[in-house]
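Peer 1: Quick one, structure_5.pdb (PDB, C-alpha atoms):
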ATOM      1  CA  MET A   1     114.454 103.725 102.293
ATOM      2  CA  GLU A   2     113.119 107.271 102.556
ATOM      3  CA  ARG A   3     114.241 108.028  98.995
ATOM      4  CA  HIS A   4     112.565 104.966  97.501
ATOM      5  CA  PRO A   5     109.819 106.046  95.041
ATOM      6  CA  ARG A   6     107.134 103.906  96.715
ATOM      7  CA  PHE A   7     107.942 105.309 100.133
ATOM      8  CA  GLN A   8     107.881 108.837  98.709
ATOM      9  CA  GLU A   9     104.432 108.078  97.286
ATOM     10  CA  PHE A  10     103.332 106.762 100.690
ATOM     11  CA  ILE A  11     104.615 109.898 102.458
ATOM     12  CA  LYS A  12     102.627 112.127 100.107
ATOM     13  CA  SER A  13      99.374 110.342 100.913
ATOM     14  CA  HIS A  14      99.791 109.880 104.698
ATOM     15  CA  LYS A  15     100.593 112.139 107.614
ATOM     16  CA  LEU A  16     103.781 110.798 109.143
ATOM     17  CA  TYR A  17     106.035 111.864 111.970
ATOM     18  CA  ARG A  18     109.688 110.925 112.198
ATOM     19  CA  VAL A  19     112.441 110.962 114.746
ATOM     20  CA  CYS A  20     116.096 109.965 114.743
ATOM     21  CA  VAL A  21     117.483 108.023 117.693
ATOM     22  CA  GLU A  22     120.861 106.416 118.336
ATOM     23  CA  MET A  23     120.626 102.715 119.078
ATOM     24  CA  GLY A  24     123.798 103.188 121.128
ATOM     25  CA  ARG A  25     121.668 105.041 123.685
ATOM     26  CA  PHE A  26     119.568 101.886 124.079
ATOM     27  CA  GLY A  27     122.459  99.492 124.672
ATOM     28  CA  ALA A  28     123.825  98.861 121.173
ATOM     29  CA  PRO A  29     127.620  98.675 120.857
ATOM     30  CA  THR A  30     127.661 101.470 118.229
ATOM     31  CA  ALA A  31     125.790 104.747 117.720
ATOM     32  CA  LYS A  32     123.722 103.349 114.795
ATOM     33  CA  PRO A  33     121.477 106.373 114.077
ATOM     34  CA  SER A  34     118.021 105.168 113.015
ATOM     35  CA  TRP A  35     115.094 107.107 111.569
ATOM     36  CA  LEU A  36     111.696 105.987 112.809
ATOM     37  CA  TYR A  37     108.423 106.848 111.083
ATOM     38  CA  SER A  38     104.979 106.702 112.655
ATOM     39  CA  ALA A  39     101.419 107.851 112.093
ATOM     40  CA  ARG A  40     101.410 108.884 115.751
ATOM     41  CA  GLU A  41     102.885 112.241 116.663
ATOM     42  CA  PHE A  42     104.087 111.022 120.049
ATOM     43  CA  ILE A  43     106.890 109.048 118.350
ATOM     44  CA  GLN A  44     108.823 112.313 118.537
ATOM     45  CA  GLU A  45     109.001 111.831 122.328
ATOM     46  CA  LEU A  46     111.097 108.652 121.991
ATOM     47  CA  PRO A  47     114.417 110.468 122.617
ATOM     48  CA  ASN A  48     113.102 111.201 126.139
ATOM     49  CA  TYR A  49     113.358 107.434 126.795
ATOM     50  CA  GLN A  50     117.014 107.136 125.715
ATOM     51  CA  GLY A  51     119.738 106.295 128.170
ATOM     52  CA  ALA A  52     123.359 107.368 128.256
ATOM     53  CA  LYS A  53     125.725 106.337 125.477
ATOM     54  CA  SER A  54     126.586 102.654 125.787
ATOM     55  CA  TYR A  55     129.391 102.799 123.257
ATOM     56  CA  GLN A  56     132.746 104.436 122.883
ATOM     57  CA  PRO A  57     133.130 106.451 119.680
ATOM     58  CA  GLY A  58     135.658 104.813 117.390
ATOM     59  CA  GLN A  59     135.265 101.376 118.955
ATOM     60  CA  ASN A  60     133.194  98.524 117.537
ATOM     61  CA  MET A  61     133.295 100.017 114.059
ATOM     62  CA  LEU A  62     130.912  98.359 111.611
ATOM     63  CA  VAL A  63     133.140  98.963 108.601
ATOM     64  CA  ASP A  64     136.788  98.552 107.797
ATOM     65  CA  MET A  65     138.586 101.166 105.714
ATOM     66  CA  VAL A  66     141.453  99.912 103.593
ATOM     67  CA  LYS A  67     143.768 101.921 101.384
ATOM     68  CA  THR A  68     144.198 100.173  98.063
ATOM     69  CA  SER A  69     147.448 100.014  96.100
ATOM     70  CA  ASP A  70     146.317 102.918  93.910
ATOM     71  CA  GLY A  71     145.709 105.107  96.993
ATOM     72  CA  ALA A  72     141.896 104.927  96.975
ATOM     73  CA  VAL A  73     140.035 104.205 100.197
ATOM     74  CA  GLN A  74     137.831 101.134 100.129
ATOM     75  CA  ILE A  75     135.097 100.726 102.769
ATOM     76  CA  ASN A  76     133.796  97.235 103.558
ATOM     77  CA  GLY A  77     131.269  96.046 106.102
ATOM     78  CA  ASN A  78     132.922  93.845 108.714
ATOM     79  CA  HIS A  79     131.730  90.978 110.952
ATOM     80  CA  ARG A  80     129.917  93.402 113.309
ATOM     81  CA  LEU A  81     127.690  94.918 110.606
ATOM     82  CA  LYS A  82     125.145  92.069 110.452
ATOM     83  CA  GLY A  83     124.693  92.088 114.236
ATOM     84  CA  SER A  84     123.923  95.808 114.201
ATOM     85  CA  GLN A  85     120.606  95.096 112.442
ATOM     86  CA  ALA A  86     119.049  93.776 115.649
ATOM     87  CA  TYR A  87     117.255  96.255 117.889
ATOM     88  CA  PRO A  88     118.477  96.343 121.502
ATOM     89  CA  LYS A  89     115.994  95.134 124.150
ATOM     90  CA  ALA A  90     116.054  98.566 125.796
ATOM     91  CA  PHE A  91     114.847 100.086 122.523
ATOM     92  CA  GLY A  92     111.855  97.740 122.425
ATOM     93  CA  LYS A  93     111.058  98.553 126.051
ATOM     94  CA  ALA A  94     111.294 102.295 125.353
ATOM     95  CA  VAL A  95     108.873 102.030 122.412
ATOM     96  CA  ALA A  96     106.457  99.968 124.540
ATOM     97  CA  ASP A  97     106.709 102.418 127.454
ATOM     98  CA  LEU A  98     106.087 105.349 125.114
ATOM     99  CA  TYR A  99     103.042 103.625 123.615
ATOM    100  CA  MET A 100     101.658 102.751 127.056
ATOM    101  CA  ALA A 101     102.087 106.370 128.168
ATOM    102  CA  HIS A 102      99.735 107.404 125.339
ATOM    103  CA  ARG A 103      97.497 104.319 125.259
ATOM    104  CA  ALA A 104      94.786 105.646 127.567
ATOM    105  CA  ALA A 105      94.248 108.748 125.436
ATOM    106  CA  GLU A 106      94.152 106.659 122.248
ATOM    107  CA  LEU A 107      91.697 104.188 123.761
ATOM    108  CA  LYS A 108      89.450 107.030 124.908
ATOM    109  CA  THR A 109      89.444 108.580 121.423
ATOM    110  CA  ALA A 110      88.801 105.205 119.775
ATOM    111  CA  GLY A 111      86.029 104.439 122.287
ATOM    112  CA  GLN A 112      84.283 107.730 121.608
ATOM    113  CA  ALA A 113      84.415 107.046 117.868
ATOM    114  CA  LEU A 114      82.932 103.578 118.420
ATOM    115  CA  ILE A 115      80.140 104.984 120.567
ATOM    116  CA  GLN A 116      79.215 107.460 117.843
ATOM    117  CA  LYS A 117      79.364 104.741 115.213
ATOM    118  CA  SER A 118      77.409 102.225 117.306
ATOM    119  CA  SER A 119      74.613 104.738 117.853
ATOM    120  CA  SER A 120      74.013 105.041 114.122
ATOM    121  CA  VAL A 121      74.328 101.260 113.673
ATOM    122  CA  LYS A 122      71.895 100.660 116.561
ATOM    123  CA  VAL A 123      69.316 102.955 114.955
ATOM    124  CA  ARG A 124      69.714 101.273 111.580
ATOM    125  CA  LEU A 125      69.464  97.757 113.038
ATOM    126  CA  ALA A 126      66.384  98.613 115.072
ATOM    127  CA  ARG A 127      64.680 100.151 112.055
ATOM    128  CA  ASP A 128      65.586  97.104 109.967
ATOM    129  CA  ILE A 129      64.043  94.826 112.587
ATOM    130  CA  ALA A 130      60.836  96.860 112.650
ATOM    131  CA  THR A 131      60.618  97.133 108.863
ATOM    132  CA  ASN A 132      60.191  94.416 106.274
ATOM    133  CA  THR A 133      63.200  95.091 104.072
ATOM    134  CA  LEU A 134      61.553  93.462 101.049
ATOM    135  CA  THR A 135      58.309  95.471 101.103
ATOM    136  CA  GLY A 136      59.378  98.510 103.132
ATOM    137  CA  LYS A 137      56.291  98.097 105.324
ATOM    138  CA  ARG A 138      56.555  98.271 109.096
ATOM    139  CA  ARG A 139      56.421  94.904 110.797
ATOM    140  CA  TRP A 140      54.288  94.387 113.834
ATOM    141  CA  ALA A 141      52.562  97.739 113.486
ATOM    142  CA  ALA A 142      50.081  96.651 116.137
ATOM    143  CA  ALA A 143      52.951  96.054 118.588
ATOM    144  CA  ASP A 144      53.452  99.815 119.106
ATOM    145  CA  LEU A 145      57.242  99.733 119.398
ATOM    146  CA  LYS A 146      57.590 103.484 120.060
ATOM    147  CA  PRO A 147      58.102 102.982 123.837
ATOM    148  CA  VAL A 148      60.778 100.342 123.132
ATOM    149  CA  PHE A 149      62.592 102.623 120.690
ATOM    150  CA  GLY A 150      62.272 105.453 123.225
ATOM    151  CA  TYR A 151      63.881 103.277 125.897
ATOM    152  CA  LEU A 152      66.710 102.432 123.494
ATOM    153  CA  ASP A 153      67.126 106.127 122.641
ATOM    154  CA  LEU A 154      66.341 105.460 118.998
TER     155      LEU A 154
END
Will you turn the file into structure tokens for me?

Peer 2:
Amino acid sequence: MERHPRFQEFIKSHKLYRVCVEMGRFGAPTAKPSWLYSAREFIQELPNYQGAKSYQPGQNMLVDMVKTSDGAVQINGNHRLKGSQAYPKAFGKAVADLYMAHRAAELKTAGQALIQKSSSVKVRLARDIATNTLTGKRRWAAADLKPVFGYLDL
């Protein structure tokens, strides 16, 4: 996937972080190295959530190697290959635990951005309410809305 032209184009236009983990350290019957990509730098901490190897090297092979009559080696996926596509439950839990460990900081950052954005939206909405958008003239000029805007920090 990482060599696909569209993915290469995506990588050039986005900041991505990647990490390689063995699914066998999350309960899979084989090592199954997997590259993970994320826009979040903390993905590189995922190996800290791995367990011990749950597989024995050389066992549960996903491919069969056969020597053909002309002496060439032929490699074929066997009945275990399809099952190796599923992520182990422990892997899903590790990703969720990693995300939750960083969630508070992300929520704080997102909240601060919303507060800044809402302040500018609040000012614009209040000015729109006090101004006739068709004529540009202030509505209710006699109402003296300055104290209200002051209370709203506008």

Peer 1: How would you write, as number ranges by chain, the residues chosen by the PyMOL selection byres ((chain A and resi 39) around 10) on this structure?

Peer 2: A: 14-18, 37-38, 40-43

Peer 1: Return as a PyMOL selection string the set of residues that the PyMOL selection byres ((chain A and resi 28) around 12) yields on the displayed structure.

Peer 2: chain A and resi 21-27+29-34+50-56+59-62+80-81+83-91

Peer 1: Using CA of Trp35 in chain A and CA of Val19 in chain A as the two end points, give the distance in Å to one decimal.

Peer 2: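 It comes out at 5.7 Å.
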
Peer 1: Do you know which residues the PyMOL selection byres ((chain A and resi 98) around 10) returns on this file, as JSON, numbers by chain?

Peer 2: {"A": [42, 43, 44, 45, 46, 48, 49, 92, 93, 94, 95, 96, 97, 99, 100, 101, 102, 103]}

Peer 1: Quote the spacing between CA of Gly77 in chain A and CA of Met65 in chain A in Å to one decimal place.

Peer 2: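 About the pair CA of Gly77 in chain A and CA of Met65 in chain A: they are 8.9 Å apart.
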
Peer 1: Nearest to Ile75 in chain A: which of A:Val63, A:Phe10, A:Pro47, A:Thr109 is it, counting all atoms listed in the file?

Peer 2: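 Looking at the shortest contact to Ile75 in chain A, the residue is A:Val63.
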
Peer 1: What gap, in Å, lies between CA of Asn76 in chain A and CA of Arg6 in chain A?

Peer 2: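 Pair CA of Asn76 in chain A / CA of Arg6 in chain A returns 28.3 Å.
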
Peer 1: Can I get C-alpha atoms for range 2-125 of chain A, as a short mmCIF file (atom, residue, chain, number, x, y, z; two decimals), in the first residue's frame?

Peer 2:
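Written output follows (result_22.cif):
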data_model
loop_
_atom_site.label_atom_id
_atom_site.label_comp_id
_atom_site.auth_asym_id
_atom_site.auth_seq_id
_atom_site.Cartn_x
_atom_site.Cartn_y
_atom_site.Cartn_z
CA GLU A 2 2.72 2.50 0.88
CA ARG A 3 4.11 2.34 -2.66
CA HIS A 4 0.76 2.97 -4.32
CA PRO A 5 0.86 6.28 -6.26
CA ARG A 6 -2.26 7.67 -4.56
CA PHE A 7 -0.91 6.89 -1.12
CA GLN A 8 2.41 8.49 -2.05
CA GLU A 9 0.48 11.60 -3.13
CA PHE A 10 -1.40 11.55 0.19
CA ILE A 11 1.85 11.26 2.18
CA LYS A 12 3.30 14.29 0.40
CA SER A 13 0.34 16.47 1.36
CA HIS A 14 -0.20 15.29 4.97
CA LYS A 15 1.98 14.93 8.04
CA LEU A 16 1.87 11.26 8.97
CA TYR A 17 3.51 9.14 11.61
CA ARG A 18 4.05 5.41 11.27
CA VAL A 19 4.97 2.50 13.44
CA CYS A 20 5.47 -1.21 12.86
CA VAL A 21 4.00 -3.69 15.34
CA GLU A 22 3.79 -7.47 15.34
CA MET A 23 0.24 -8.76 15.62
CA GLY A 24 1.76 -11.82 17.31
CA ARG A 25 2.45 -9.60 20.33
CA PHE A 26 -1.29 -8.92 20.57
CA GLY A 27 -2.42 -12.55 20.48
CA ALA A 28 -2.21 -13.46 16.79
CA PRO A 29 -0.89 -16.94 15.99
CA THR A 30 1.89 -15.51 13.76
CA ALA A 31 4.21 -12.50 13.91
CA LYS A 32 2.34 -10.65 11.11
CA PRO A 33 4.30 -7.36 11.07
CA SER A 34 1.93 -4.47 10.30
CA TRP A 35 2.68 -0.84 9.49
CA LEU A 36 0.25 1.64 10.98
CA TYR A 37 -0.11 5.24 9.80
CA SER A 38 -1.69 8.07 11.75
CA ALA A 39 -1.97 11.84 11.78
CA ARG A 40 -1.29 11.64 15.52
CA GLU A 41 2.30 11.39 16.67
CA PHE A 42 1.40 9.28 19.69
CA ILE A 43 0.79 6.27 17.42
CA GLN A 44 4.53 5.69 17.79
CA GLU A 45 3.88 4.72 21.44
CA LEU A 46 1.80 1.68 20.43
CA PRO A 47 4.70 -0.78 20.88
CA ASN A 48 4.61 0.12 24.60
CA TYR A 49 1.20 -1.62 24.72
CA GLN A 50 2.42 -4.90 23.17
CA GLY A 51 2.53 -8.10 25.14
CA ALA A 52 4.91 -11.03 24.92
CA LYS A 53 5.08 -13.12 21.76
CA SER A 54 2.01 -15.32 21.48
CA TYR A 55 3.41 -17.42 18.66
CA GLN A 56 6.24 -19.81 18.10
CA PRO A 57 8.48 -18.89 15.16
CA GLY A 58 8.12 -21.44 12.38
CA GLN A 59 4.69 -22.61 13.52
CA ASN A 60 1.37 -21.55 12.01
CA MET A 61 3.04 -20.52 8.77
CA LEU A 62 0.77 -18.56 6.44
CA VAL A 63 2.40 -19.88 3.29
CA ASP A 64 3.50 -23.23 1.99
CA MET A 65 6.75 -23.56 0.06
CA VAL A 66 6.86 -26.30 -2.54
CA LYS A 67 9.77 -27.30 -4.74
CA THR A 68 8.57 -27.81 -8.29
CA SER A 69 9.82 -30.51 -10.64
CA ASP A 70 12.21 -28.04 -12.28
CA GLY A 71 13.76 -27.17 -8.89
CA ALA A 72 12.12 -23.75 -8.46
CA VAL A 73 10.50 -22.85 -5.15
CA GLN A 74 6.83 -21.97 -5.35
CA ILE A 75 5.21 -20.05 -2.46
CA ASN A 76 1.44 -20.29 -1.98
CA GLY A 77 -0.82 -18.84 0.68
CA ASN A 78 -2.39 -21.60 2.76
CA HIS A 79 -5.65 -21.94 4.74
CA ARG A 80 -4.30 -19.77 7.59
CA LEU A 81 -3.57 -16.73 5.40
CA LYS A 82 -7.16 -15.44 5.20
CA GLY A 83 -7.60 -15.64 8.98
CA SER A 84 -4.47 -13.54 9.52
CA GLN A 85 -6.28 -10.49 8.11
CA ALA A 86 -8.33 -10.09 11.28
CA TYR A 87 -6.91 -7.89 14.03
CA PRO A 88 -6.62 -9.56 17.45
CA LYS A 89 -8.89 -8.18 20.20
CA ALA A 90 -5.83 -7.23 22.26
CA PHE A 91 -4.66 -5.02 19.38
CA GLY A 92 -7.97 -3.15 19.35
CA LYS A 93 -7.80 -2.71 23.12
CA ALA A 94 -4.22 -1.42 22.89
CA VAL A 95 -5.18 1.18 20.26
CA ALA A 96 -8.17 2.27 22.38
CA ASP A 97 -6.03 2.48 25.54
CA LEU A 98 -3.41 4.52 23.69
CA TYR A 99 -6.06 6.90 22.37
CA MET A 100 -7.65 7.28 25.81
CA ALA A 101 -4.24 8.05 27.32
CA HIS A 102 -4.00 11.05 24.96
CA ARG A 103 -7.69 11.96 24.76
CA ALA A 104 -7.69 14.55 27.54
CA ALA A 105 -4.90 16.55 25.91
CA GLU A 106 -6.62 16.38 22.51
CA LEU A 107 -9.95 17.45 23.99
CA LYS A 108 -8.29 20.38 25.76
CA THR A 109 -6.62 21.53 22.53
CA ALA A 110 -9.85 21.13 20.55
CA GLY A 111 -11.81 22.97 23.27
CA GLN A 112 -9.41 25.90 23.24
CA ALA A 113 -9.72 26.13 19.45
CA LEU A 114 -13.52 26.11 19.73
CA ILE A 115 -13.47 28.83 22.37
CA GLN A 116 -11.35 31.04 20.13
CA LYS A 117 -13.60 30.32 17.17
CA SER A 118 -16.82 30.83 19.14
CA SER A 119 -15.64 34.23 20.35
CA SER A 120 -15.32 35.50 16.79
CA VAL A 121 -18.64 33.88 15.82
CA LYS A 122 -20.34 35.41 18.88
CA VAL A 123 -19.12 38.88 17.92
CA ARG A 124 -20.26 38.44 14.33
CA LEU A 125 -23.70 37.13 15.34
#
